[in-house]
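The structure appears below as structure tokens.
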Amino acid sequence: MIEPIRIAGETAWLKRYPAGGRRRLRLAAMDAFARRLGLRPLRPPPHHAGADARAVEQRRIRQLQAAGVRVPEILGAGRDVLVLSDLGPTLSSRMREAADAPARLDALTGAAIEAIGAGHARGGYFGQPWPRNLTAADAGIGFLDFEEDPLDVMPLADAQARDWVLFAYGASRYYAERPQALTGMLGEALAQAPAEVEAAVGQVGGRLRPWARIAEALRHPAAHTVARAISILGAAAPLLLALAMLLGFDLLHDGELDLFDLLS
Ligand SMILES: Nc1ncnc2c1ncn2[C@@H]1O[C@H](COP(=O)(O)OP(=O)(O)O)[C@@H](O)[C@H]1O
Ligand SMILES: [Mg+2]
């Protein structure tokens, strides 16, 4: 739960961390699925609630800040609240505005890809870097939302591979008409990534390809997004992904894509 507030004439964000939800079963199901398919980068990190979630986000913001990544300043902290500085409009809102302006869209996407790569090169990882959790302002690309820590369940190379997969999935919806443009940018970035990271991304793609076909066959509107994500990632050579099926699990609480819905 987050809301914008004003502090001394400036926008800030008051983020509250509610007490535990009922995601345990779903997380266990997703974890079993990811392990079973050998998709380590897509294992769901443990979900934290309340003061725990606040502590994880606070620690992760500090780590990333120390690594030189643009994340919000922590303006205040309570037991289960943080007050965060404003990083400007989300990347998703900027991408939506640029939907009909390919050069602008690619510039945004390219900047985000560069920022992810730069953060990784400094030992960072993000966890859920889809466009809604990135910001794009004159000052550059920023990163948000760190209540979960992938390193709880996977090594750094897998966490970085996860970032690429999630970003690719999130960005794919803006590239329905020009999948190769996205594929090309991602492919270049992955070629610069450590071999382990590139291999882990490729493995995710390979393992998920059969699922992609299933998804494509489903005539649910959400399935189109999935199929699109897949064709984009499938094309990005070692790149991946029919993974959206899996991500569907993870996205349930974000209301973006519901795996069960998709399968029903
Ligand atoms: N520091 C910030 N600067 C700009 N926008 C923010 C900031 N923090 C949150 N937001 C906005 O609030 C939304 C939700 O915040 P987020 O930290 O991702 O929480 P949630 O866990 O609910 O997804 C973001 O997608 C963004 O639109
Ligand atoms: Mg978020």
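The chains in the structure tokens are called A, B, ... from first to last as shown; in each chain the residues are counted from 1, and the ligands are counted from 1 in the order shown.
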
- Item | Residues within 12 Å of Val83 (chain A), only C-alpha atoms, excluding chain neighbours under 6 positions, as number ranges by chain | A: 1-7, 11-17, 54, 57-58, 72-77

What would the file look like if the residues just selected were written as a PDB file, in the first residue's frame with N, CA, C and O atoms?
```
ATOM      1  N   MET A   1       0.847  -1.188   0.000  1.00  0.00           N
ATOM      2  CA  MET A   1       0.000   0.000   0.000  1.00  0.00           C
ATOM      3  C   MET A   1       0.882   1.237   0.000  1.00  0.00           C
ATOM      4  O   MET A   1       1.711   1.401   0.889  1.00  0.00           O
ATOM      5  N   ILE A   2       0.701   2.026  -1.018  1.00  0.00           N
ATOM      6  CA  ILE A   2       1.609   3.158  -1.152  1.00  0.00           C
ATOM      7  C   ILE A   2       0.816   4.369  -1.606  1.00  0.00           C
ATOM      8  O   ILE A   2      -0.113   4.240  -2.395  1.00  0.00           O
ATOM      9  N   GLU A   3       1.168   5.519  -1.071  1.00  0.00           N
ATOM     10  CA  GLU A   3       0.476   6.730  -1.525  1.00  0.00           C
ATOM     11  C   GLU A   3       1.445   7.903  -1.569  1.00  0.00           C
ATOM     12  O   GLU A   3       2.383   7.974  -0.775  1.00  0.00           O
ATOM     13  N   PRO A   4       1.203   8.783  -2.554  1.00  0.00           N
ATOM     14  CA  PRO A   4       2.057   9.973  -2.619  1.00  0.00           C
ATOM     15  C   PRO A   4       1.669  10.940  -1.503  1.00  0.00           C
ATOM     16  O   PRO A   4       0.491  11.076  -1.178  1.00  0.00           O
ATOM     17  N   ILE A   5       2.654  11.585  -0.913  1.00  0.00           N
ATOM     18  CA  ILE A   5       2.397  12.607   0.105  1.00  0.00           C
ATOM     19  C   ILE A   5       3.265  13.816  -0.239  1.00  0.00           C
ATOM     20  O   ILE A   5       4.119  13.741  -1.126  1.00  0.00           O
ATOM     21  N   ARG A   6       3.035  14.928   0.453  1.00  0.00           N
ATOM     22  CA  ARG A   6       3.881  16.110   0.230  1.00  0.00           C
ATOM     23  C   ARG A   6       4.715  16.342   1.481  1.00  0.00           C
ATOM     24  O   ARG A   6       4.197  16.341   2.595  1.00  0.00           O
ATOM     25  N   ILE A   7       5.993  16.532   1.293  1.00  0.00           N
ATOM     26  CA  ILE A   7       6.853  16.883   2.421  1.00  0.00           C
ATOM     27  C   ILE A   7       7.653  18.110   2.002  1.00  0.00           C
ATOM     28  O   ILE A   7       8.381  18.052   1.009  1.00  0.00           O
ATOM     29  N   THR A  11       7.068  15.963  -3.534  1.00  0.00           N
ATOM     30  CA  THR A  11       6.369  14.678  -3.487  1.00  0.00           C
ATOM     31  C   THR A  11       7.259  13.640  -2.815  1.00  0.00           C
ATOM     32  O   THR A  11       8.478  13.624  -3.017  1.00  0.00           O
ATOM     33  N   ALA A  12       6.638  12.810  -1.990  1.00  0.00           N
ATOM     34  CA  ALA A  12       7.329  11.647  -1.419  1.00  0.00           C
ATOM     35  C   ALA A  12       6.318  10.512  -1.416  1.00  0.00           C
ATOM     36  O   ALA A  12       5.148  10.715  -1.768  1.00  0.00           O
ATOM     37  N   TRP A  13       6.748   9.323  -1.081  1.00  0.00           N
ATOM     38  CA  TRP A  13       5.860   8.156  -1.118  1.00  0.00           C
ATOM     39  C   TRP A  13       5.837   7.487   0.244  1.00  0.00           C
ATOM     40  O   TRP A  13       6.888   7.151   0.798  1.00  0.00           O
ATOM     41  N   LEU A  14       4.634   7.320   0.767  1.00  0.00           N
ATOM     42  CA  LEU A  14       4.457   6.648   2.045  1.00  0.00           C
ATOM     43  C   LEU A  14       4.081   5.204   1.745  1.00  0.00           C
ATOM     44  O   LEU A  14       3.007   4.928   1.211  1.00  0.00           O
ATOM     45  N   LYS A  15       4.987   4.291   2.059  1.00  0.00           N
ATOM     46  CA  LYS A  15       4.735   2.884   1.754  1.00  0.00           C
ATOM     47  C   LYS A  15       4.490   2.128   3.047  1.00  0.00           C
ATOM     48  O   LYS A  15       5.332   2.134   3.939  1.00  0.00           O
ATOM     49  N   ARG A  16       3.327   1.492   3.136  1.00  0.00           N
ATOM     50  CA  ARG A  16       2.976   0.694   4.316  1.00  0.00           C
ATOM     51  C   ARG A  16       3.083  -0.767   3.968  1.00  0.00           C
ATOM     52  O   ARG A  16       2.737  -1.173   2.862  1.00  0.00           O
ATOM     53  N   TYR A  17       3.521  -1.547   4.927  1.00  0.00           N
ATOM     54  CA  TYR A  17       3.708  -2.976   4.707  1.00  0.00           C
ATOM     55  C   TYR A  17       2.707  -3.726   5.574  1.00  0.00           C
ATOM     56  O   TYR A  17       2.910  -3.888   6.774  1.00  0.00           O
ATOM     57  N   ARG A  54       9.305  -4.421   5.493  1.00  0.00           N
ATOM     58  CA  ARG A  54       9.915  -3.084   5.588  1.00  0.00           C
ATOM     59  C   ARG A  54      11.434  -3.228   5.734  1.00  0.00           C
ATOM     60  O   ARG A  54      12.207  -2.539   5.059  1.00  0.00           O
ATOM     61  N   GLU A  57      13.069  -4.334   2.408  1.00  0.00           N
ATOM     62  CA  GLU A  57      13.118  -3.253   1.418  1.00  0.00           C
ATOM     63  C   GLU A  57      14.151  -2.199   1.817  1.00  0.00           C
ATOM     64  O   GLU A  57      14.919  -1.712   0.982  1.00  0.00           O
ATOM     65  N   GLN A  58      14.201  -1.882   3.080  1.00  0.00           N
ATOM     66  CA  GLN A  58      15.156  -0.884   3.570  1.00  0.00           C
ATOM     67  C   GLN A  58      16.599  -1.347   3.329  1.00  0.00           C
ATOM     68  O   GLN A  58      17.432  -0.595   2.822  1.00  0.00           O
ATOM     69  N   PRO A  72      15.116   5.084  -4.432  1.00  0.00           N
ATOM     70  CA  PRO A  72      14.634   6.202  -3.609  1.00  0.00           C
ATOM     71  C   PRO A  72      15.508   6.407  -2.363  1.00  0.00           C
ATOM     72  O   PRO A  72      16.084   5.457  -1.838  1.00  0.00           O
ATOM     73  N   GLU A  73      15.584   7.662  -1.946  1.00  0.00           N
ATOM     74  CA  GLU A  73      16.164   7.966  -0.630  1.00  0.00           C
ATOM     75  C   GLU A  73      15.166   7.529   0.421  1.00  0.00           C
ATOM     76  O   GLU A  73      13.957   7.718   0.236  1.00  0.00           O
ATOM     77  N   ILE A  74      15.659   7.015   1.514  1.00  0.00           N
ATOM     78  CA  ILE A  74      14.759   6.698   2.624  1.00  0.00           C
ATOM     79  C   ILE A  74      14.656   7.939   3.513  1.00  0.00           C
ATOM     80  O   ILE A  74      15.609   8.314   4.195  1.00  0.00           O
ATOM     81  N   LEU A  75      13.504   8.585   3.434  1.00  0.00           N
ATOM     82  CA  LEU A  75      13.323   9.857   4.153  1.00  0.00           C
ATOM     83  C   LEU A  75      12.852   9.618   5.580  1.00  0.00           C
ATOM     84  O   LEU A  75      12.965  10.496   6.441  1.00  0.00           O
ATOM     85  N   GLY A  76      12.274   8.456   5.828  1.00  0.00           N
ATOM     86  CA  GLY A  76      11.800   8.138   7.168  1.00  0.00           C
ATOM     87  C   GLY A  76      11.442   6.673   7.236  1.00  0.00           C
ATOM     88  O   GLY A  76      11.164   6.056   6.212  1.00  0.00           O
ATOM     89  N   ALA A  77      11.500   6.104   8.445  1.00  0.00           N
ATOM     90  CA  ALA A  77      11.171   4.688   8.605  1.00  0.00           C
ATOM     91  C   ALA A  77      10.456   4.478   9.923  1.00  0.00           C
ATOM     92  O   ALA A  77      10.801   5.089  10.931  1.00  0.00           O
TER      93      ALA A  77
END
```

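If one restricts the calculation to only C-alpha atoms and all ligand atoms, the set of residues situated within 10 Å of ligand 2 consists of A:Met1, A:Ile2, A:Gln128, A:Pro129, A:Trp130, A:Pro131, A:Arg132, A:Asn133, A:Leu134, A:Phe143, A:Leu144, A:Asp145, A:Phe146, A:Glu147, A:Asp254.
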
With C-alpha atoms retained, write the just-selected residues as a JSON list (two decimals), in the first residue's frame.
```json
[["chain", "number", "residue", "atom", "x", "y", "z"],
["A", 1, "MET", "CA", 0.00, 0.00, 0.00],
["A", 2, "ILE", "CA", 1.61, 3.16, -1.15],
["A", 128, "GLN", "CA", 11.03, -7.50, -10.08],
["A", 129, "PRO", "CA", 12.22, -5.02, -12.68],
["A", 130, "TRP", "CA", 9.19, -4.80, -14.85],
["A", 131, "PRO", "CA", 8.41, -1.35, -16.23],
["A", 132, "ARG", "CA", 5.97, -0.52, -13.43],
["A", 133, "ASN", "CA", 8.80, -0.89, -10.93],
["A", 134, "LEU", "CA", 11.21, 1.31, -12.87],
["A", 143, "PHE", "CA", 14.36, 1.26, -9.51],
["A", 144, "LEU", "CA", 11.55, 0.53, -7.03],
["A", 145, "ASP", "CA", 9.97, -2.26, -5.03],
["A", 146, "PHE", "CA", 12.31, -4.45, -3.04],
["A", 147, "GLU", "CA", 10.18, -6.28, -0.50],
["A", 254, "ASP", "CA", -0.43, -7.63, -9.31]]
```

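Among the candidate residues A:Ala118, A:Tyr175, A:Leu156, A:Asp31, the one lying nearest to Leu190 (chain A) is A:Ala118, with distances computed using only C-alpha atoms.
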
- Item | Residues near Glu148 (chain A), cut-off 8 Å, only C-alpha atoms, skip fewer than 6 positions along chain, as a ChimeraX atom specification | /A:45-48,53,56-57,127

Can those selected residues be exported to a file as an mmCIF file, in the first residue's frame so that it contains N, CA and C atoms?
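And here's part-v8.cif as it stands now:
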```cif
data_model
loop_
_atom_site.group_PDB
_atom_site.id
_atom_site.type_symbol
_atom_site.label_atom_id
_atom_site.label_comp_id
_atom_site.auth_asym_id
_atom_site.auth_seq_id
_atom_site.Cartn_x
_atom_site.Cartn_y
_atom_site.Cartn_z
ATOM 1 N N PRO A 45 10.931 -15.827 -4.351
ATOM 2 C CA PRO A 45 11.532 -15.574 -3.042
ATOM 3 C C PRO A 45 10.444 -15.583 -1.980
ATOM 4 N N PRO A 46 10.806 -15.869 -0.731
ATOM 5 C CA PRO A 46 9.800 -15.839 0.331
ATOM 6 C C PRO A 46 9.121 -14.479 0.392
ATOM 7 N N HIS A 47 7.847 -14.515 0.660
ATOM 8 C CA HIS A 47 7.081 -13.274 0.781
ATOM 9 C C HIS A 47 7.193 -12.766 2.216
ATOM 10 N N HIS A 48 7.529 -11.513 2.364
ATOM 11 C CA HIS A 48 7.603 -10.932 3.712
ATOM 12 C C HIS A 48 6.418 -10.015 3.924
ATOM 13 N N ALA A 53 8.928 -7.099 5.919
ATOM 14 C CA ALA A 53 8.964 -6.597 4.540
ATOM 15 C C ALA A 53 9.630 -5.231 4.514
ATOM 16 N N VAL A 56 13.373 -5.719 4.821
ATOM 17 C CA VAL A 56 14.007 -6.224 3.597
ATOM 18 C C VAL A 56 14.131 -5.083 2.584
ATOM 19 N N GLU A 57 13.069 -4.334 2.408
ATOM 20 C CA GLU A 57 13.118 -3.253 1.418
ATOM 21 C C GLU A 57 14.151 -2.199 1.817
ATOM 22 N N GLY A 127 15.149 -7.921 -8.699
ATOM 23 C CA GLY A 127 14.069 -8.762 -8.174
ATOM 24 C C GLY A 127 12.812 -8.762 -9.021
#
```

- Message: Restricting the calculation to only C-alpha atoms and all ligand atoms: of A:Val71, A:Ala139, A:Met95, A:Ala112, which residue gets closest to ligand 1?
- Response: A:Val71

- Task: May I ask for the distance between CA of Arg35 (chain A) and CA of Ala159 (chain A), given in Å to one decimal place?
- Result: 14.8 Å

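Minimum atom-to-atom distances from A:Ile113, A:Ala137, A:Leu39, A:Leu64 to ligand 1 were compared using only C-alpha atoms and all ligand atoms, and the lowest value belongs to A:Ala137.
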
- Message: So, with only C-alpha atoms and all ligand atoms as the atoms that count, which of A:Gly124, A:Pro18, A:Gly184, A:Pro179 lies closest to ligand 1?
- Response: A:Pro18

- Quick one: residues within 8 Å of Pro44 (chain A), only C-alpha atoms counted, chain neighbours fewer than 3 positions away excluded, as an NGL selection string? :A and (27 or 30-31 or 150 or 153 or 250)

- Task: Give me the residues within 8 Å of Arg94 (chain A) as number ranges by chain, counting only C-alpha atoms and dropping any in the same chain fewer than 5 places off.
- Result: A: 89, 108, 136

- Which of these, A:Asp86, A:Glu114, A:Asp52, A:Glu198, has the shortest distance to ligand 1 once you count only C-alpha atoms and all ligand atoms? A:Asp86

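Proximity of A:Ala32, A:Ala66, A:Ala171, A:Leu82 to ligand 1, computed with only C-alpha atoms and all ligand atoms, is greatest for A:Leu82.
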